[in-house]
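Everything below belongs to final-v3.pdb, which stores PDB, C-alpha atoms and all ligand atoms.
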ATOM      1  CA  MET A   1      -3.835  -3.770 -27.352  1.00  0.00           C
ATOM      2  CA  LYS A   2      -3.776  -7.233 -25.881  1.00  0.00           C
ATOM      3  CA  ARG A   3      -6.981  -8.791 -24.679  1.00  0.00           C
ATOM      4  CA  ILE A   4      -6.802 -10.195 -21.146  1.00  0.00           C
ATOM      5  CA  SER A   5     -10.433 -11.104 -20.539  1.00  0.00           C
ATOM      6  CA  ASP A   6     -13.915 -10.314 -21.879  1.00  0.00           C
ATOM      7  CA  ARG A   7     -13.787  -6.746 -20.630  1.00  0.00           C
ATOM      8  CA  VAL A   8     -10.111  -5.994 -19.965  1.00  0.00           C
ATOM      9  CA  TRP A   9      -7.292  -5.067 -22.365  1.00  0.00           C
ATOM     10  CA  TRP A  10      -3.629  -4.231 -21.858  1.00  0.00           C
ATOM     11  CA  VAL A  11      -2.962  -0.912 -23.621  1.00  0.00           C
ATOM     12  CA  THR A  12       0.578  -1.682 -24.691  1.00  0.00           C
ATOM     13  CA  ALA A  13       1.275   1.757 -26.202  1.00  0.00           C
ATOM     14  CA  ALA A  14       1.455   3.486 -22.815  1.00  0.00           C
ATOM     15  CA  ILE A  15       4.850   4.677 -21.581  1.00  0.00           C
ATOM     16  CA  GLY A  16       6.015   4.520 -17.961  1.00  0.00           C
ATOM     17  CA  ALA A  17       3.752   1.882 -16.476  1.00  0.00           C
ATOM     18  CA  HIS A  18       1.228  -0.599 -17.798  1.00  0.00           C
ATOM     19  CA  CYS A  19      -2.113   0.887 -18.740  1.00  0.00           C
ATOM     20  CA  TYR A  20      -5.311  -1.141 -18.903  1.00  0.00           C
ATOM     21  CA  LEU A  21      -8.627  -0.499 -20.621  1.00  0.00           C
ATOM     22  CA  VAL A  22     -11.874  -1.821 -19.182  1.00  0.00           C
ATOM     23  CA  GLU A  23     -15.077  -1.725 -21.182  1.00  0.00           C
ATOM     24  CA  THR A  24     -18.401  -2.207 -19.437  1.00  0.00           C
ATOM     25  CA  ASP A  25     -21.974  -1.478 -20.546  1.00  0.00           C
ATOM     26  CA  GLU A  26     -21.809   1.870 -18.792  1.00  0.00           C
ATOM     27  CA  ALA A  27     -18.210   2.930 -19.076  1.00  0.00           C
ATOM     28  CA  LEU A  28     -14.913   2.999 -20.939  1.00  0.00           C
ATOM     29  CA  VAL A  29     -12.255   3.041 -18.261  1.00  0.00           C
ATOM     30  CA  LEU A  30      -8.529   3.814 -18.533  1.00  0.00           C
ATOM     31  CA  VAL A  31      -6.522   2.549 -15.577  1.00  0.00           C
ATOM     32  CA  ASP A  32      -3.123   4.233 -15.094  1.00  0.00           C
ATOM     33  CA  PRO A  33      -2.735   6.062 -18.436  1.00  0.00           C
ATOM     34  CA  GLY A  34       1.004   6.553 -17.806  1.00  0.00           C
ATOM     35  CA  LEU A  35       3.474   9.294 -18.646  1.00  0.00           C
ATOM     36  CA  ARG A  36       2.448  12.343 -20.641  1.00  0.00           C
ATOM     37  CA  ALA A  37       4.965  11.302 -23.314  1.00  0.00           C
ATOM     38  CA  GLY A  38       2.733   8.325 -24.114  1.00  0.00           C
ATOM     39  CA  LEU A  39      -0.600  10.142 -24.210  1.00  0.00           C
ATOM     40  CA  ASN A  40      -0.907  10.429 -27.993  1.00  0.00           C
ATOM     41  CA  ARG A  41       0.333   6.857 -28.475  1.00  0.00           C
ATOM     42  CA  VAL A  42      -2.397   5.590 -26.143  1.00  0.00           C
ATOM     43  CA  ALA A  43      -5.044   7.717 -27.866  1.00  0.00           C
ATOM     44  CA  ARG A  44      -3.969   6.371 -31.258  1.00  0.00           C
ATOM     45  CA  GLN A  45      -4.041   2.790 -29.998  1.00  0.00           C
ATOM     46  CA  LEU A  46      -7.555   3.183 -28.609  1.00  0.00           C
ATOM     47  CA  HIS A  47      -8.690   4.724 -31.887  1.00  0.00           C
ATOM     48  CA  ALA A  48      -7.075   1.937 -33.925  1.00  0.00           C
ATOM     49  CA  ASN A  49      -8.988  -0.582 -31.814  1.00  0.00           C
ATOM     50  CA  GLY A  50     -12.361   1.044 -32.370  1.00  0.00           C
ATOM     51  CA  ARG A  51     -12.612   2.964 -29.107  1.00  0.00           C
ATOM     52  CA  PRO A  52     -12.670   6.719 -29.744  1.00  0.00           C
ATOM     53  CA  PRO A  53     -10.412   8.258 -27.085  1.00  0.00           C
ATOM     54  CA  ARG A  54     -13.033  10.911 -26.353  1.00  0.00           C
ATOM     55  CA  GLY A  55     -15.344   8.113 -25.260  1.00  0.00           C
ATOM     56  CA  VAL A  56     -13.289   7.465 -22.114  1.00  0.00           C
ATOM     57  CA  THR A  57     -15.656   7.945 -19.178  1.00  0.00           C
ATOM     58  CA  ASP A  58     -13.372   7.184 -16.221  1.00  0.00           C
ATOM     59  CA  ILE A  59      -9.674   7.474 -15.470  1.00  0.00           C
ATOM     60  CA  LEU A  60      -8.648   5.300 -12.546  1.00  0.00           C
ATOM     61  CA  LEU A  61      -5.298   5.820 -10.862  1.00  0.00           C
ATOM     62  CA  THR A  62      -3.863   3.122  -8.648  1.00  0.00           C
ATOM     63  CA  HIS A  63      -1.604   5.762  -7.084  1.00  0.00           C
ATOM     64  CA  TYR A  64      -0.052   9.164  -7.637  1.00  0.00           C
ATOM     65  CA  ASP A  65       3.357   8.288  -9.137  1.00  0.00           C
ATOM     66  CA  VAL A  66       4.268  10.138 -12.359  1.00  0.00           C
ATOM     67  CA  ASP A  67       4.895   6.979 -14.370  1.00  0.00           C
ATOM     68  CA  HIS A  68       1.267   5.952 -13.807  1.00  0.00           C
ATOM     69  CA  ALA A  69      -0.485   9.264 -13.506  1.00  0.00           C
ATOM     70  CA  SER A  70       1.211  12.192 -15.249  1.00  0.00           C
ATOM     71  CA  SER A  71      -1.039  12.035 -18.328  1.00  0.00           C
ATOM     72  CA  ALA A  72      -4.227  11.778 -16.263  1.00  0.00           C
ATOM     73  CA  ALA A  73      -4.949  15.511 -15.975  1.00  0.00           C
ATOM     74  CA  THR A  74      -4.675  16.011 -19.750  1.00  0.00           C
ATOM     75  CA  TRP A  75      -6.778  12.922 -20.449  1.00  0.00           C
ATOM     76  CA  GLN A  76      -9.415  14.294 -18.080  1.00  0.00           C
ATOM     77  CA  GLN A  77      -9.329  17.723 -19.724  1.00  0.00           C
ATOM     78  CA  ARG A  78      -9.749  16.279 -23.199  1.00  0.00           C
ATOM     79  CA  THR A  79     -12.523  13.827 -22.318  1.00  0.00           C
ATOM     80  CA  GLY A  80     -14.369  15.310 -19.353  1.00  0.00           C
ATOM     81  CA  ALA A  81     -14.059  11.876 -17.751  1.00  0.00           C
ATOM     82  CA  ARG A  82     -14.400  11.237 -14.049  1.00  0.00           C
ATOM     83  CA  ALA A  83     -10.965  10.800 -12.457  1.00  0.00           C
ATOM     84  CA  TRP A  84     -10.409   8.557  -9.433  1.00  0.00           C
ATOM     85  CA  LEU A  85      -7.554   8.471  -6.927  1.00  0.00           C
ATOM     86  CA  GLY A  86      -7.195   7.285  -3.332  1.00  0.00           C
ATOM     87  CA  GLY A  87      -7.761  10.079  -0.804  1.00  0.00           C
ATOM     88  CA  PRO A  88      -4.345   9.886   0.907  1.00  0.00           C
ATOM     89  CA  ASP A  89      -2.602  10.141  -2.493  1.00  0.00           C
ATOM     90  CA  ALA A  90      -4.801  13.045  -3.603  1.00  0.00           C
ATOM     91  CA  ALA A  91      -3.857  14.819  -0.361  1.00  0.00           C
ATOM     92  CA  ILE A  92      -0.171  14.467  -1.286  1.00  0.00           C
ATOM     93  CA  LEU A  93      -0.805  16.042  -4.707  1.00  0.00           C
ATOM     94  CA  THR A  94      -2.716  18.971  -3.206  1.00  0.00           C
ATOM     95  CA  GLY A  95      -0.021  19.472  -0.561  1.00  0.00           C
ATOM     96  CA  ALA A  96      -2.498  18.762   2.257  1.00  0.00           C
ATOM     97  CA  SER A  97      -0.310  15.795   3.292  1.00  0.00           C
ATOM     98  CA  PRO A  98       3.481  15.653   3.111  1.00  0.00           C
ATOM     99  CA  VAL A  99       5.276  13.325   0.730  1.00  0.00           C
ATOM    100  CA  PRO A 100       6.076  10.108   2.678  1.00  0.00           C
ATOM    101  CA  ASP A 101       9.390  10.480   4.426  1.00  0.00           C
ATOM    102  CA  THR A 102      11.572   7.993   2.530  1.00  0.00           C
ATOM    103  CA  TRP A 103      14.477   8.881   0.227  1.00  0.00           C
ATOM    104  CA  PHE A 104      12.737   7.242  -2.727  1.00  0.00           C
ATOM    105  CA  ARG A 105       9.532   9.225  -2.210  1.00  0.00           C
ATOM    106  CA  ARG A 106      11.517  12.460  -1.721  1.00  0.00           C
ATOM    107  CA  LEU A 107      13.457  11.747  -4.929  1.00  0.00           C
ATOM    108  CA  MET A 108      10.248  11.061  -6.876  1.00  0.00           C
ATOM    109  CA  ALA A 109       8.764  14.302  -5.559  1.00  0.00           C
ATOM    110  CA  ALA A 110      11.903  16.240  -6.534  1.00  0.00           C
ATOM    111  CA  THR A 111      11.455  15.147 -10.158  1.00  0.00           C
ATOM    112  CA  GLY A 112       7.923  16.595 -10.083  1.00  0.00           C
ATOM    113  CA  LEU A 113       4.520  15.383  -8.943  1.00  0.00           C
ATOM    114  CA  PRO A 114       1.664  14.832 -11.405  1.00  0.00           C
ATOM    115  CA  ARG A 115      -0.929  17.548 -11.785  1.00  0.00           C
ATOM    116  CA  LEU A 116      -4.120  16.711  -9.904  1.00  0.00           C
ATOM    117  CA  PRO A 117      -6.770  15.823 -12.520  1.00  0.00           C
ATOM    118  CA  GLY A 118      -9.993  17.815 -12.683  1.00  0.00           C
ATOM    119  CA  GLY A 119     -13.261  15.991 -12.118  1.00  0.00           C
ATOM    120  CA  LEU A 120     -11.580  14.140  -9.282  1.00  0.00           C
ATOM    121  CA  HIS A 121     -13.411  11.643  -7.104  1.00  0.00           C
ATOM    122  CA  LEU A 122     -11.738  10.071  -4.110  1.00  0.00           C
ATOM    123  CA  VAL A 123     -11.832   6.276  -4.250  1.00  0.00           C
ATOM    124  CA  GLU A 124     -13.683   4.497  -1.444  1.00  0.00           C
ATOM    125  CA  ALA A 125     -13.446   0.746  -0.979  1.00  0.00           C
ATOM    126  CA  GLY A 126     -16.106  -1.158  -2.890  1.00  0.00           C
ATOM    127  CA  GLY A 127     -18.026  -0.777  -6.116  1.00  0.00           C
ATOM    128  CA  LEU A 128     -17.423   2.204  -8.394  1.00  0.00           C
ATOM    129  CA  PRO A 129     -20.081   3.562 -10.781  1.00  0.00           C
ATOM    130  CA  CYS A 130     -17.984   2.388 -13.751  1.00  0.00           C
ATOM    131  CA  GLY A 131     -18.370  -1.250 -12.680  1.00  0.00           C
ATOM    132  CA  LEU A 132     -14.982  -1.975 -11.123  1.00  0.00           C
ATOM    133  CA  THR A 133     -14.401  -2.713  -7.451  1.00  0.00           C
ATOM    134  CA  ALA A 134     -11.841  -0.706  -5.501  1.00  0.00           C
ATOM    135  CA  LEU A 135      -9.555  -2.635  -3.150  1.00  0.00           C
ATOM    136  CA  PRO A 136      -7.443  -0.322  -0.986  1.00  0.00           C
ATOM    137  CA  THR A 137      -3.858  -1.635  -1.042  1.00  0.00           C
ATOM    138  CA  PRO A 138      -1.705   0.915   0.808  1.00  0.00           C
ATOM    139  CA  GLY A 139       2.012   0.445   1.190  1.00  0.00           C
ATOM    140  CA  HIS A 140       3.728   1.530  -2.016  1.00  0.00           C
ATOM    141  CA  THR A 141       1.933   4.843  -1.443  1.00  0.00           C
ATOM    142  CA  PRO A 142      -0.459   5.653   1.419  1.00  0.00           C
ATOM    143  CA  GLY A 143      -3.492   5.811  -0.877  1.00  0.00           C
ATOM    144  CA  HIS A 144      -2.669   3.007  -3.304  1.00  0.00           C
ATOM    145  CA  VAL A 145      -5.764   1.209  -4.640  1.00  0.00           C
ATOM    146  CA  SER A 146      -6.147  -1.956  -6.737  1.00  0.00           C
ATOM    147  CA  PHE A 147      -9.147  -2.491  -8.991  1.00  0.00           C
ATOM    148  CA  GLY A 148     -11.027  -5.692  -9.714  1.00  0.00           C
ATOM    149  CA  ILE A 149     -13.478  -6.706 -12.402  1.00  0.00           C
ATOM    150  CA  ASP A 150     -14.696 -10.230 -13.191  1.00  0.00           C
ATOM    151  CA  ASP A 151     -11.686 -12.527 -12.654  1.00  0.00           C
ATOM    152  CA  VAL A 152      -9.072  -9.799 -13.142  1.00  0.00           C
ATOM    153  CA  VAL A 153      -7.332  -7.640 -10.549  1.00  0.00           C
ATOM    154  CA  LEU A 154      -5.257  -4.639 -11.606  1.00  0.00           C
ATOM    155  CA  VAL A 155      -2.724  -4.351  -8.808  1.00  0.00           C
ATOM    156  CA  GLY A 156      -0.701  -1.309  -9.883  1.00  0.00           C
ATOM    157  CA  ASP A 157       2.470  -1.185  -7.821  1.00  0.00           C
ATOM    158  CA  ALA A 158       1.051  -3.090  -4.852  1.00  0.00           C
ATOM    159  CA  ALA A 159       3.115  -6.041  -6.103  1.00  0.00           C
ATOM    160  CA  LEU A 160       4.897  -7.504  -9.078  1.00  0.00           C
ATOM    161  CA  VAL A 161       3.586 -10.660 -10.733  1.00  0.00           C
ATOM    162  CA  ASP A 162       5.799 -13.496 -11.950  1.00  0.00           C
ATOM    163  CA  ALA A 163       5.136 -15.667 -15.018  1.00  0.00           C
ATOM    164  CA  ALA A 164       3.193 -18.189 -12.921  1.00  0.00           C
ATOM    165  CA  GLY A 165       0.868 -15.483 -11.649  1.00  0.00           C
ATOM    166  CA  ARG A 166       2.419 -15.295  -8.192  1.00  0.00           C
ATOM    167  CA  LEU A 167       2.489 -11.919  -6.485  1.00  0.00           C
ATOM    168  CA  THR A 168       6.008 -10.915  -5.517  1.00  0.00           C
ATOM    169  CA  PRO A 169       7.017  -7.912  -3.407  1.00  0.00           C
ATOM    170  CA  VAL A 170       7.942  -4.551  -4.837  1.00  0.00           C
ATOM    171  CA  PRO A 171      11.465  -3.714  -3.556  1.00  0.00           C
ATOM    172  CA  GLY A 172      11.257  -2.349  -0.023  1.00  0.00           C
ATOM    173  CA  PHE A 173      12.918   0.975  -0.804  1.00  0.00           C
ATOM    174  CA  MET A 174       9.975   1.785  -3.097  1.00  0.00           C
ATOM    175  CA  MET A 175       7.447   1.296  -0.302  1.00  0.00           C
ATOM    176  CA  SER A 176       6.256   4.191   1.809  1.00  0.00           C
ATOM    177  CA  ASP A 177       5.244   1.570   4.413  1.00  0.00           C
ATOM    178  CA  VAL A 178       6.663  -1.946   4.024  1.00  0.00           C
ATOM    179  CA  GLU A 179       4.414  -3.553   6.653  1.00  0.00           C
ATOM    180  CA  ARG A 180       1.175  -2.196   5.215  1.00  0.00           C
ATOM    181  CA  GLY A 181       2.445  -3.161   1.766  1.00  0.00           C
ATOM    182  CA  GLU A 182       2.941  -6.752   2.867  1.00  0.00           C
ATOM    183  CA  ALA A 183      -0.591  -6.844   4.303  1.00  0.00           C
ATOM    184  CA  SER A 184      -1.936  -5.482   1.015  1.00  0.00           C
ATOM    185  CA  ARG A 185      -0.050  -8.101  -0.971  1.00  0.00           C
ATOM    186  CA  ALA A 186      -1.404 -10.862   1.304  1.00  0.00           C
ATOM    187  CA  MET A 187      -4.934  -9.530   0.809  1.00  0.00           C
ATOM    188  CA  LEU A 188      -4.501  -9.572  -2.982  1.00  0.00           C
ATOM    189  CA  ASP A 189      -3.108 -13.082  -2.733  1.00  0.00           C
ATOM    190  CA  ASP A 190      -6.365 -14.155  -1.063  1.00  0.00           C
ATOM    191  CA  THR A 191      -8.591 -12.865  -3.860  1.00  0.00           C
ATOM    192  CA  ALA A 192     -10.053 -15.403  -6.264  1.00  0.00           C
ATOM    193  CA  ALA A 193      -8.704 -13.546  -9.311  1.00  0.00           C
ATOM    194  CA  THR A 194      -7.458 -15.582 -12.264  1.00  0.00           C
ATOM    195  CA  TRP A 195      -5.540 -12.737 -13.875  1.00  0.00           C
ATOM    196  CA  LEU A 196      -3.183 -10.434 -11.996  1.00  0.00           C
ATOM    197  CA  CYS A 197      -2.093  -7.331 -13.877  1.00  0.00           C
ATOM    198  CA  ALA A 198       0.649  -5.187 -12.389  1.00  0.00           C
ATOM    199  CA  GLY A 199       2.164  -1.851 -13.330  1.00  0.00           C
ATOM    200  CA  HIS A 200       5.645  -3.114 -14.071  1.00  0.00           C
ATOM    201  CA  SER A 201       5.406  -6.814 -14.896  1.00  0.00           C
ATOM    202  CA  ALA A 202       3.488  -8.559 -17.651  1.00  0.00           C
ATOM    203  CA  PRO A 203      -0.106  -9.575 -16.879  1.00  0.00           C
ATOM    204  CA  ALA A 204      -0.116 -13.219 -15.796  1.00  0.00           C
ATOM    205  CA  ARG A 205      -2.681 -15.924 -15.246  1.00  0.00           C
ATOM    206  CA  ARG A 206      -2.475 -17.789 -11.973  1.00  0.00           C
ATOM    207  CA  ARG A 207      -1.510 -21.448 -12.309  1.00  0.00           C
TER     208      ARG A 207
HETATM  209 ZN    ZN A 301       4.603   3.591  -8.286  1.00  0.00          ZN
END

Write out the structure in this file as structure tokens.
Ligand SMILES: [Zn+2]
Amino acid sequence: MKRISDRVWWVTAAIGAHCYLVETDEALVLVDPGLRAGLNRVARQLHANGRPPRGVTDILLTHYDVDHASSAATWQQRTGARAWLGGPDAAILTGASPVPDTWFRRLMAATGLPRLPGGLHLVEAGGLPCGLTALPTPGHTPGHVSFGIDDVVLVGDAALVDAAGRLTPVPGFMMSDVERGEASRAMLDDTAATWLCAGHSAPARRR
């Protein structure tokens, strides 16, 4: 694991997308645990760093894509943790809402959607019991959420981050709504965060 700040680590063993661990007084939080293929690697890495995997109290998902979320249901089963996902994304996984009508989203759905985790809570904007703050950032998916703690924001696939800590757009074809995605990126740009940690680019400190 790589330490990012006092309470945030990059769990480098995850496969698919970047996974982050947040440790607060009340909670041990996994954000985007990644593909099922990486589940045991992540568990071993937590264990090797003195955090028993069964101690995970919360699993936060920035959005429903398999590369971020397909191990979440198994993690939840094994730990009894609370799971958190934005309401519009949860509705896609239950079938209550259709998959967004873009070829990319249809293709992703054709390869299989993640199983909805048990113990699911729908994320509302603002403070979560585990100590992080939820920032709705729709665009990549309708229910995409970013999570902040201290001077760190975990932005999932709301944006990429370059080496200088600048937020750059995710390619338009990957967005379910480009305009809302741009507004979300602008909102993240306005936060006072020092560290920006994305799903598919290395965590970077703003210069
Ligand atoms: Zn994604």

Nearby polymer residues, ligand ZN 301 (chain A), at most 12 Å, all atoms listed in the file, as number ranges by chain: A: 16-18, 32, 34-35, 61-70, 89, 104-105, 108-109, 113, 138-145, 155-160, 170-171, 173-176, 198-200

Hits from the PyMOL selection byres (((chain A and resi 83) around 7) and not hetatm), listed as a ChimeraX atom specification: /A:58-60,76,81-82,84-85,117,119-121

Straight-line distance linking CA of Arg205 (chain A) with CA of Ala134 (chain A), stated in Å to one decimal: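 We find that CA of Arg205 (chain A) and CA of Ala134 (chain A) lie 20.3 Å from each other.
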
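The space separating CA of Leu107 (chain A) from CA of Gly172 (chain A) comes to 15.1 Å.
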
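CA of Arg206 (chain A) is positioned 12.1 Å from CA of Asp190 (chain A).
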
Polymer residues at most 12 Å from Asn49 (chain A), all atoms listed in the file, same-chain spacing of 2 or more positions, as an MDAnalysis selection string: chainID A and resid 1:3 9:13 21 42:47 51:53

Assuming the chain letters and numbering stay as they are in my file, what does the PyMOL selection byres (((chain A and resi 166) around 12) and not hetatm) actually select? List them as an mmCIF file with C-alpha atoms, keeping the file's coordinate frame.
data_model
loop_
_atom_site.group_PDB
_atom_site.id
_atom_site.type_symbol
_atom_site.label_atom_id
_atom_site.label_comp_id
_atom_site.auth_asym_id
_atom_site.auth_seq_id
_atom_site.Cartn_x
_atom_site.Cartn_y
_atom_site.Cartn_z
ATOM 1 C CA ALA A 159 3.115 -6.041 -6.103
ATOM 2 C CA LEU A 160 4.897 -7.504 -9.078
ATOM 3 C CA VAL A 161 3.586 -10.660 -10.733
ATOM 4 C CA ASP A 162 5.799 -13.496 -11.950
ATOM 5 C CA ALA A 163 5.136 -15.667 -15.018
ATOM 6 C CA ALA A 164 3.193 -18.189 -12.921
ATOM 7 C CA GLY A 165 0.868 -15.483 -11.649
ATOM 8 C CA LEU A 167 2.489 -11.919 -6.485
ATOM 9 C CA THR A 168 6.008 -10.915 -5.517
ATOM 10 C CA PRO A 169 7.017 -7.912 -3.407
ATOM 11 C CA ARG A 185 -0.050 -8.101 -0.971
ATOM 12 C CA ALA A 186 -1.404 -10.862 1.304
ATOM 13 C CA LEU A 188 -4.501 -9.572 -2.982
ATOM 14 C CA ASP A 189 -3.108 -13.082 -2.733
ATOM 15 C CA ASP A 190 -6.365 -14.155 -1.063
ATOM 16 C CA ALA A 193 -8.704 -13.546 -9.311
ATOM 17 C CA THR A 194 -7.458 -15.582 -12.264
ATOM 18 C CA TRP A 195 -5.540 -12.737 -13.875
ATOM 19 C CA LEU A 196 -3.183 -10.434 -11.996
ATOM 20 C CA CYS A 197 -2.093 -7.331 -13.877
ATOM 21 C CA ALA A 198 0.649 -5.187 -12.389
ATOM 22 C CA SER A 201 5.406 -6.814 -14.896
ATOM 23 C CA ALA A 202 3.488 -8.559 -17.651
ATOM 24 C CA PRO A 203 -0.106 -9.575 -16.879
ATOM 25 C CA ALA A 204 -0.116 -13.219 -15.796
ATOM 26 C CA ARG A 205 -2.681 -15.924 -15.246
ATOM 27 C CA ARG A 206 -2.475 -17.789 -11.973
ATOM 28 C CA ARG A 207 -1.510 -21.448 -12.309
#

Contact residues around Ala27 (chain A) with only C-alpha atoms at 10 Å, ignoring same-chain residues under 6 positions, as a ChimeraX atom specification: /A:55-58,81,129-132

Atoms kept (C-alpha atoms) for selection, written as a compact mmCIF listing (two decimals), keeping the file's coordinate frame:
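Listed below is the output, out.txt:
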# COMPACT_ATOMS: atom_id res chain seq x y z
CA GLY A 55 -15.34 8.11 -25.26
CA VAL A 56 -13.29 7.46 -22.11
CA THR A 57 -15.66 7.94 -19.18
CA ASP A 58 -13.37 7.18 -16.22
CA ALA A 81 -14.06 11.88 -17.75
CA PRO A 129 -20.08 3.56 -10.78
CA CYS A 130 -17.98 2.39 -13.75
CA GLY A 131 -18.37 -1.25 -12.68
CA LEU A 132 -14.98 -1.98 -11.12

Taking every listed atom of region 23-30 of chain A and adding 4 Å to each side, what centre and edge lengths in Å (one decimal) does the axis-aligned box have, as JSON?
{"center_x": -15.3, "center_y": 0.8, "center_z": -19.7, "size_x": 21.4, "size_y": 14.0, "size_z": 10.9}

Proximity to Val123 (chain A) - best of A:Thr111, A:Ser71, A:Ser146, A:Ser5, all atoms listed in the file: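 Looking only at the distances to Val123 (chain A), the closest residue turns out to be A:Ser146.
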
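Restricting the calculation to all atoms listed in the file, the smallest distance between Gly118 (chain A) and any of A:Ala73, A:Ile149, A:Ile92, A:Leu135 is found for A:Ala73.
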
Residue among A:Val153, A:Arg7, A:Thr137, A:Ala72 lying closest to Arg180 (chain A), counting all atoms listed in the file: A:Thr137
